[in-house]
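For reference, query_9.csv is printed below; it contains CSV, C-alpha atoms.
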chain,number,residue,atom,x,y,z
A,4,MET,CA,1.1,5.2,-73.1
A,5,ALA,CA,2.7,2.0,-71.9
A,6,ALA,CA,4.4,3.9,-69.0
A,7,ALA,CA,1.1,5.5,-68.0
A,8,ARG,CA,-0.5,2.0,-67.9
A,9,LEU,CA,2.3,0.7,-65.7
A,10,LEU,CA,1.9,3.7,-63.4
A,11,LEU,CA,-1.8,3.1,-63.2
A,12,ALA,CA,-1.4,-0.6,-62.5
A,13,ALA,CA,1.1,0.2,-59.7
A,14,SER,CA,-1.3,2.7,-58.1
A,15,VAL,CA,-4.1,0.1,-58.2
A,16,GLY,CA,-1.8,-2.5,-56.6
A,17,LEU,CA,-0.9,-0.1,-53.8
A,18,LEU,CA,-4.5,0.7,-53.1
A,19,ALA,CA,-5.4,-3.0,-53.1
A,20,SER,CA,-2.6,-3.9,-50.7
A,21,ALA,CA,-3.6,-0.9,-48.5
A,22,GLY,CA,-7.1,-2.3,-48.4
A,23,LYS,CA,-5.7,-5.6,-47.0
A,24,MET,CA,-3.6,-3.9,-44.4
A,25,LYS,CA,-4.8,-4.5,-40.8
A,26,ILE,CA,-6.0,-1.3,-39.3
A,27,VAL,CA,-4.5,-0.7,-35.8
A,28,GLU,CA,-7.1,0.0,-33.3
A,29,GLU,CA,-6.9,3.2,-31.4
A,30,PRO,CA,-5.6,2.5,-27.9
A,31,ASN,CA,-8.3,2.4,-25.3
A,32,THR,CA,-7.2,5.3,-23.1
A,33,PHE,CA,-10.4,6.7,-21.6
A,34,GLY,CA,-9.8,5.0,-18.3
A,35,LEU,CA,-6.2,6.4,-18.3
A,36,ASN,CA,-7.5,10.0,-18.6
A,37,ASN,CA,-6.2,10.8,-22.0
A,38,PRO,CA,-4.8,14.4,-21.8
A,39,PHE,CA,-5.9,15.0,-25.4
A,40,LEU,CA,-9.6,14.6,-24.5
A,41,PRO,CA,-11.6,17.8,-23.8
A,42,GLN,CA,-11.5,18.8,-20.2
A,43,THR,CA,-15.3,18.2,-19.9
A,44,ASN,CA,-14.8,14.5,-21.0
A,45,ARG,CA,-12.0,13.7,-18.6
A,46,LEU,CA,-12.7,11.9,-15.4
A,47,GLN,CA,-11.7,13.6,-12.2
A,48,PRO,CA,-9.9,11.1,-9.8
A,49,LYS,CA,-9.8,11.9,-6.1
A,50,MET,CA,-6.2,10.7,-5.8
A,51,PRO,CA,-3.4,9.3,-7.9
A,52,PRO,CA,-3.0,5.5,-8.2
A,53,SER,CA,-0.6,3.6,-5.9
A,54,ALA,CA,2.8,2.5,-7.2
A,55,ILE,CA,2.9,-0.6,-9.3
A,56,SER,CA,3.6,-3.6,-7.1
A,57,GLY,CA,3.2,-7.4,-6.9
A,58,PRO,CA,4.4,-10.1,-9.4
A,59,VAL,CA,6.8,-8.5,-11.9
A,60,HIS,CA,5.3,-10.4,-14.8
A,61,LEU,CA,2.1,-8.5,-14.4
A,62,PHE,CA,3.7,-5.2,-14.8
A,63,ARG,CA,3.4,-5.5,-18.6
A,64,LEU,CA,-0.4,-4.9,-18.1
A,65,ALA,CA,0.3,-1.4,-16.9
A,66,GLY,CA,-0.7,1.3,-19.4
A,67,LYS,CA,-3.3,-0.9,-21.0
A,68,CYS,CA,-7.1,-1.0,-20.7
A,69,PHE,CA,-9.6,-3.7,-21.3
A,70,SER,CA,-13.3,-3.2,-22.0
A,71,PHE,CA,-16.5,-5.2,-21.2
A,72,VAL,CA,-20.0,-4.2,-22.3
A,73,GLU,CA,-23.0,-5.4,-20.3
A,74,SER,CA,-26.5,-4.1,-21.1
A,75,THR,CA,-26.1,-0.3,-21.5
A,76,TYR,CA,-22.9,0.0,-19.6
A,77,LYS,CA,-19.3,-0.2,-20.8
A,78,TYR,CA,-16.6,-1.1,-18.2
A,79,GLU,CA,-12.9,-0.4,-18.6
A,80,PHE,CA,-10.2,-2.0,-16.4
A,81,CYS,CA,-6.8,-0.4,-16.6
A,82,PRO,CA,-4.5,-2.5,-14.4
A,83,PHE,CA,-2.5,-0.5,-11.8
A,84,HIS,CA,-4.6,2.6,-12.7
A,85,ASN,CA,-8.4,2.5,-12.3
A,86,VAL,CA,-11.8,1.0,-13.2
A,87,THR,CA,-14.3,3.1,-15.0
A,88,GLN,CA,-17.9,2.8,-16.1
A,89,HIS,CA,-19.6,4.5,-19.1
A,90,GLU,CA,-23.3,4.5,-19.8
A,91,GLN,CA,-24.0,3.7,-23.4
A,92,THR,CA,-27.1,5.7,-24.0
A,93,PHE,CA,-28.1,9.0,-25.6
A,94,ARG,CA,-29.4,10.5,-22.3
A,95,TRP,CA,-28.1,14.0,-21.7
A,96,ASN,CA,-26.8,13.1,-18.3
A,97,ALA,CA,-25.4,9.6,-19.1
A,98,TYR,CA,-23.1,8.4,-16.3
A,99,SER,CA,-19.4,8.1,-16.9
A,100,GLY,CA,-17.2,7.8,-13.8
A,101,ILE,CA,-14.6,6.0,-11.8
A,102,LEU,CA,-15.4,2.9,-9.9
A,103,GLY,CA,-12.1,2.7,-8.1
A,104,ILE,CA,-8.4,3.8,-8.3
A,105,TRP,CA,-5.6,1.3,-7.9
A,106,HIS,CA,-4.9,1.0,-4.2
A,107,GLU,CA,-3.5,-2.3,-2.9
A,108,TRP,CA,-3.5,-6.1,-3.2
A,109,GLU,CA,-5.6,-8.5,-1.2
A,110,ILE,CA,-3.4,-11.2,0.1
A,111,ASP,CA,-4.4,-14.6,1.7
A,112,ASN,CA,-2.2,-17.6,2.5
A,113,ASN,CA,0.9,-16.2,0.7
A,114,THR,CA,-1.1,-15.6,-2.4
A,115,PHE,CA,-2.3,-12.5,-4.3
A,116,VAL,CA,-6.1,-13.1,-4.5
A,117,GLY,CA,-7.2,-9.8,-5.9
A,118,MET,CA,-6.5,-6.1,-6.8
A,119,TRP,CA,-8.4,-3.5,-4.8
A,120,MET,CA,-9.4,-0.3,-6.6
A,121,ARG,CA,-10.7,2.2,-4.0
A,122,GLU,CA,-11.7,5.9,-3.7
A,123,GLY,CA,-13.8,6.0,-6.8
A,124,ASP,CA,-16.6,8.4,-7.4
A,125,SER,CA,-18.8,9.3,-4.4
A,126,CYS,CA,-21.8,7.1,-3.8
A,127,GLU,CA,-24.1,8.6,-1.2
A,128,THR,CA,-21.9,8.6,2.0
A,129,LYS,CA,-19.0,6.5,0.7
A,130,SER,CA,-16.8,6.0,-2.3
A,131,ARG,CA,-17.2,3.4,-5.0
A,132,GLN,CA,-14.7,0.6,-4.9
A,133,THR,CA,-13.9,-2.5,-7.0
A,134,LYS,CA,-12.2,-5.8,-6.4
A,135,VAL,CA,-10.6,-7.4,-9.5
A,136,HIS,CA,-10.1,-11.2,-9.4
A,137,LEU,CA,-7.3,-12.5,-11.6
A,138,VAL,CA,-8.0,-15.9,-13.2
A,139,CYS,CA,-6.3,-18.0,-15.8
A,140,GLY,CA,-7.4,-17.5,-19.4
A,141,LYS,CA,-6.2,-17.9,-23.0
A,142,SER,CA,-6.0,-14.1,-23.5
A,143,ASN,CA,-6.1,-10.8,-21.6
A,144,LYS,CA,-9.8,-9.8,-21.3
A,145,LEU,CA,-12.3,-8.5,-18.8
A,146,ALA,CA,-14.8,-11.4,-18.6
A,147,TYR,CA,-17.4,-10.5,-15.9
A,148,VAL,CA,-18.7,-7.6,-13.9
A,149,SER,CA,-21.1,-7.6,-11.0
A,150,GLU,CA,-22.2,-5.4,-8.1
A,151,PRO,CA,-22.5,-7.7,-5.0
A,152,SER,CA,-23.4,-4.8,-2.8
A,153,THR,CA,-24.3,-1.1,-3.4
A,154,CYS,CA,-21.3,0.7,-5.0
A,155,VAL,CA,-19.0,-2.2,-4.4
A,156,TYR,CA,-18.1,-3.9,-7.7
A,157,SER,CA,-16.5,-7.2,-8.6
A,158,LEU,CA,-14.6,-7.8,-11.8
A,159,THR,CA,-13.1,-11.0,-13.2
A,160,PHE,CA,-10.1,-10.5,-15.4
A,161,GLU,CA,-8.7,-13.4,-17.4
A,162,THR,CA,-5.0,-13.6,-18.3
A,163,PRO,CA,-2.5,-16.3,-19.2
A,164,LEU,CA,0.0,-14.5,-16.9
A,165,VAL,CA,-1.6,-16.2,-13.9
A,166,CYS,CA,-1.9,-19.7,-15.2
A,167,HIS,CA,1.3,-21.0,-13.6
A,168,PRO,CA,0.5,-22.4,-10.1
A,169,HIS,CA,3.2,-20.2,-8.6
A,170,SER,CA,2.4,-17.0,-10.6
A,171,LEU,CA,0.6,-15.3,-7.7
A,172,LEU,CA,2.8,-16.2,-4.7
A,173,VAL,CA,3.8,-13.3,-2.5
A,174,TYR,CA,7.1,-14.5,-1.0
A,175,PRO,CA,9.1,-14.5,-4.3
A,176,THR,CA,8.2,-10.8,-4.9
A,177,LEU,CA,9.8,-9.6,-1.6
A,178,THR,CA,13.3,-8.4,-1.1
A,179,GLU,CA,15.8,-10.7,0.6
A,180,ALA,CA,15.6,-8.6,3.8
A,181,LEU,CA,11.8,-8.9,4.0
A,182,GLN,CA,12.0,-12.6,3.2
A,183,ARG,CA,14.4,-13.1,6.2
A,184,LYS,CA,11.9,-11.1,8.3
A,185,TRP,CA,9.1,-13.5,7.2
A,186,ASP,CA,11.3,-16.5,7.9
A,187,GLU,CA,12.1,-15.2,11.4
A,188,ALA,CA,8.4,-14.7,12.1
A,189,GLU,CA,7.7,-18.3,10.9
A,190,GLN,CA,10.3,-19.6,13.3
A,191,SER,CA,9.0,-17.5,16.2
A,192,LEU,CA,5.5,-18.8,15.6
A,193,TYR,CA,6.9,-22.4,15.5
A,194,ASP,CA,8.8,-21.8,18.8
A,195,GLN,CA,5.6,-20.4,20.3
A,196,LEU,CA,7.3,-17.1,21.0
A,197,ILE,CA,4.5,-15.2,19.3
A,198,THR,CA,0.8,-15.9,18.8
A,199,GLU,CA,-1.0,-16.4,15.5
A,200,GLN,CA,-2.3,-12.9,15.9
A,201,GLY,CA,1.2,-11.6,16.4
A,202,TYR,CA,2.4,-13.5,13.4
A,203,LYS,CA,-0.3,-12.0,11.2
A,204,LYS,CA,0.6,-8.5,12.4
A,205,ILE,CA,4.2,-9.0,11.4
A,206,LEU,CA,3.2,-10.2,8.0
A,207,LYS,CA,0.9,-7.2,7.5
A,208,GLU,CA,3.9,-5.0,8.4
A,209,ILE,CA,6.1,-6.8,5.9
A,210,PHE,CA,3.5,-6.4,3.1
A,211,GLU,CA,3.1,-2.7,3.9
A,212,GLU,CA,6.8,-2.2,3.8
A,213,ALA,CA,6.9,-4.0,0.4
A,214,GLY,CA,4.2,-1.6,-0.9
A,215,LEU,CA,1.7,-4.4,-1.4
A,216,LEU,CA,-0.7,-3.1,1.2
A,217,LYS,CA,-1.4,0.5,2.1
A,218,ALA,CA,-0.7,1.5,5.7
A,219,THR,CA,-3.4,3.6,7.4
A,220,GLU,CA,-2.9,7.3,7.8
A,221,GLU,CA,-2.4,6.9,11.6
A,222,LYS,CA,0.3,4.3,11.1
A,223,GLU,CA,2.1,6.4,8.5
A,224,ALA,CA,2.2,9.4,10.9
A,225,GLU,CA,3.5,7.1,13.7
A,226,LYS,CA,6.2,5.8,11.4
A,227,GLN,CA,7.2,9.3,10.4
A,228,ASN,CA,7.4,10.4,14.0
A,229,THR,CA,9.5,7.4,15.0
A,230,LYS,CA,11.8,8.1,12.1
A,231,THR,CA,12.2,11.8,13.0
A,232,SER,CA,12.8,11.1,16.7
A,233,LEU,CA,15.3,8.2,16.3
A,234,GLN,CA,17.3,8.9,13.2
A,235,PHE,CA,20.5,10.9,13.7
A,236,GLU,CA,21.8,11.2,10.2
A,237,THR,CA,25.1,13.0,11.1
A,238,VAL,CA,27.4,13.4,14.1
A,239,ASP,CA,26.5,17.0,14.3
A,240,VAL,CA,22.8,16.3,14.7
A,241,CYS,CA,23.6,13.6,17.4
A,242,ASN,CA,25.7,16.2,19.3
A,243,LYS,CA,22.9,18.7,19.3
A,244,GLU,CA,20.5,16.2,20.6
A,245,TYR,CA,23.0,15.2,23.3
A,246,LYS,CA,23.3,18.9,24.3
A,247,LYS,CA,19.5,19.2,24.6
A,248,LEU,CA,19.4,16.1,26.8
A,249,SER,CA,22.2,17.5,29.0
A,250,GLU,CA,20.3,20.7,29.5
A,251,GLU,CA,17.2,18.8,30.5
A,252,ILE,CA,19.1,16.8,33.0
A,253,LYS,CA,20.5,20.0,34.5
A,254,ILE,CA,17.0,21.4,34.9
A,255,LEU,CA,15.9,18.2,36.6
A,256,LYS,CA,18.9,18.4,39.0
A,257,ASP,CA,18.0,22.0,39.9
A,258,LEU,CA,14.4,20.9,40.5
A,259,LEU,CA,15.6,18.3,42.9
A,260,SER,CA,17.7,20.9,44.8
A,261,GLN,CA,14.7,23.2,45.1
A,262,HIS,CA,12.8,20.4,46.8
A,263,SER,CA,15.8,19.6,49.1
A,264,ILE,CA,16.3,16.2,47.5
A,265,ALA,CA,19.9,14.9,47.7
A,266,TYR,CA,21.3,13.7,44.5
A,267,LYS,CA,24.5,11.8,43.8
A,268,GLY,CA,25.9,9.6,41.1
A,269,SER,CA,26.6,9.9,37.4
A,270,SER,CA,25.0,9.0,34.2
A,271,ALA,CA,27.0,5.8,34.1
A,272,GLU,CA,25.9,4.7,37.5
A,273,ASN,CA,22.7,4.0,39.3
A,274,THR,CA,21.2,7.2,40.7
A,275,SER,CA,20.4,7.3,44.4
A,276,VAL,CA,18.0,9.7,45.9
A,277,GLU,CA,17.4,10.4,49.6
A,278,HIS,CA,14.2,12.0,50.7
A,279,VAL,CA,11.6,11.4,53.3
A,280,ASN,CA,8.9,11.3,50.5
A,281,HIS,CA,9.2,7.9,48.9
A,282,LYS,CA,7.1,8.9,45.9
A,283,TRP,CA,9.5,11.7,45.1
A,284,VAL,CA,12.4,9.3,45.3
A,285,THR,CA,10.9,6.8,43.0
A,286,ALA,CA,9.7,9.3,40.4
A,287,GLU,CA,12.8,11.4,40.2
A,288,THR,CA,15.1,8.3,40.1
A,289,THR,CA,13.1,7.0,37.1
A,290,VAL,CA,13.4,10.3,35.2
A,291,LEU,CA,17.2,10.6,35.8
A,292,ASN,CA,17.9,7.0,34.9
A,293,GLY,CA,15.8,7.4,31.8
A,294,SER,CA,14.5,3.9,32.2
A,295,THR,CA,11.9,1.8,34.1
A,296,ASN,CA,12.1,-1.5,35.8
A,297,ALA,CA,11.7,-4.3,33.3
A,298,GLU,CA,8.6,-6.4,34.0
A,299,HIS,CA,10.0,-9.5,32.2
A,300,LEU,CA,13.1,-10.9,30.6
A,301,HIS,CA,13.7,-11.6,27.0
A,302,GLY,CA,12.6,-15.1,26.2
A,303,ASP,CA,9.8,-15.5,28.7
A,304,ALA,CA,6.1,-15.6,28.0
A,305,GLY,CA,5.9,-11.8,28.1
A,306,ILE,CA,7.3,-11.6,24.6
A,307,ARG,CA,4.0,-13.1,23.3
A,308,SER,CA,2.0,-10.1,24.4
A,309,ASP,CA,4.6,-7.7,23.1
A,310,ALA,CA,4.5,-9.1,19.6
A,311,VAL,CA,0.8,-9.1,19.3
Show this structure as structure tokens.
Amino acid sequence: MAAARLLLAASVGLLASAGKMKIVEEPNTFGLNNPFLPQTNRLQPKMPPSAISGPVHLFRLAGKCFSFVESTYKYEFCPFHNVTQHEQTFRWNAYSGILGIWHEWEIDNNTFVGMWMREGDSCETKSRQTKVHLVCGKSNKLAYVSEPSTCVYSLTFETPLVCHPHSLLVYPTLTEALQRKWDEAEQSLYDQLITEQGYKKILKEIFEEAGLLKATEEKEAEKQNTKTSLQFETVDVCNKEYKKLSEEIKILKDLLSQHSIAYKGSSAENTSVEHVNHKWVTAETTVLNGSTNAEHLHGDAGIRSDAV
């Protein structure tokens, strides 16, 4: 009987201690598209989020979501992923959708001033988008939501991670190579070799290369074409390209002969062409030399227009 009483007392104690245990809240994963949710309850993003970028100390926010309820709507901000909105009503067609997917930073005066979430659900003829402002706070929380214009939302996210005055500076997040590029641009601006507009263009290119800003589709295609046309990864590839160029030069020489244009010289020398038609002379000389007359020298005022 005594043993039974002891066992009963132990069981009651365990139940009591279990009642005092803190219940761990289920992670808020709606905004992260929990794969365990039924397919009908999952949100359908138009595109995947961009890669995580920016201040390293903010990376710890990735994979977490923060909620804010206003009136009949619940908003969820998942840093480096998306922003979602869920209507808290019993209507059969209550809205639940994406207000924006992590896209890029907004940068001003060497400072990260906001996170842009773009390509959200369709809204008439455009997509919903959201700008998230990061402000100093005692804890991580979504503090305010507004819609300054139709389908463009503004969120205020408080976090102690941005309370330090240098916590949102852009320069420290860059690689040494990109920092040097920025330093050189600063020096060129100081020496008046480039304009303010040219300086801003260089900074934009630096931020795009760092993954802080997204380049436009046209610029990405241009970069890819440049890479393909200029990059010779092996000697064999280089030799093949040289052979192609040699064949093109031979075709051009044959063309000159067909038009009774005298040609002499070598690839290492200036090409001279004799023909009564001066236009033919100028055009064919330019093609064979593979260059045009320079309009200005390095270091003169012409560099200003090139850099813009």
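Minimum atom-to-atom distances from A:Arg131, A:His136, A:Lys77, A:His89 to Phe115 of chain A were compared using only C-alpha atoms, and the lowest value belongs to A:His136.
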Excluding same-chain residues fewer than 2 positions from Ser70 of chain A, what lies within 8 Å of it counting only C-alpha atoms, as a compact mmCIF listing (two decimals) with C-alpha atoms, in the coordinates of the input?
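This is the output file selection-v5.txt:
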# COMPACT_ATOMS: atom_id res chain seq x y z
CA CYS A 68 -7.10 -1.00 -20.70
CA VAL A 72 -20.00 -4.20 -22.30
CA LYS A 77 -19.30 -0.20 -20.80
CA TYR A 78 -16.60 -1.10 -18.20
CA GLU A 79 -12.90 -0.40 -18.60
CA PHE A 80 -10.20 -2.00 -16.40
CA LYS A 144 -9.80 -9.80 -21.30
CA LEU A 145 -12.30 -8.50 -18.80
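Closest to His169 of chain A among A:Thr198, A:Ser191, A:Gln91, A:Thr114 is A:Thr114, based on only C-alpha atoms.
Among the candidates A:Gln182, A:Glu251, A:Gly100, A:Ala54, the one nearest to Tyr76 of chain A when counting all atoms listed in the file is A:Gly100.
Proximity to Glu161 of chain A was assessed for A:Leu64, A:Lys217, A:Ile101, A:Leu177 counting only C-alpha atoms; the smallest distance is recorded for A:Leu64.
In terms of minimum interatomic distance to Tyr147 of chain A, A:Phe71 ranks closest within A:Phe62, A:Tyr245, A:Tyr193, A:Phe71, counting all atoms listed in the file.
Going from atom CA of Leu196 of chain A to atom CA of Ile209 of chain A covers 18.3 Å.
Pairwise distance (atom CA of Val138 of chain A, atom CA of Phe160 of chain A) equals 6.2 Å.
With distances restricted to all atoms listed in the file, A:Cys154 is the closest residue to Thr128 of chain A from A:Cys154, A:Val240, A:Ala97, A:Ala65.
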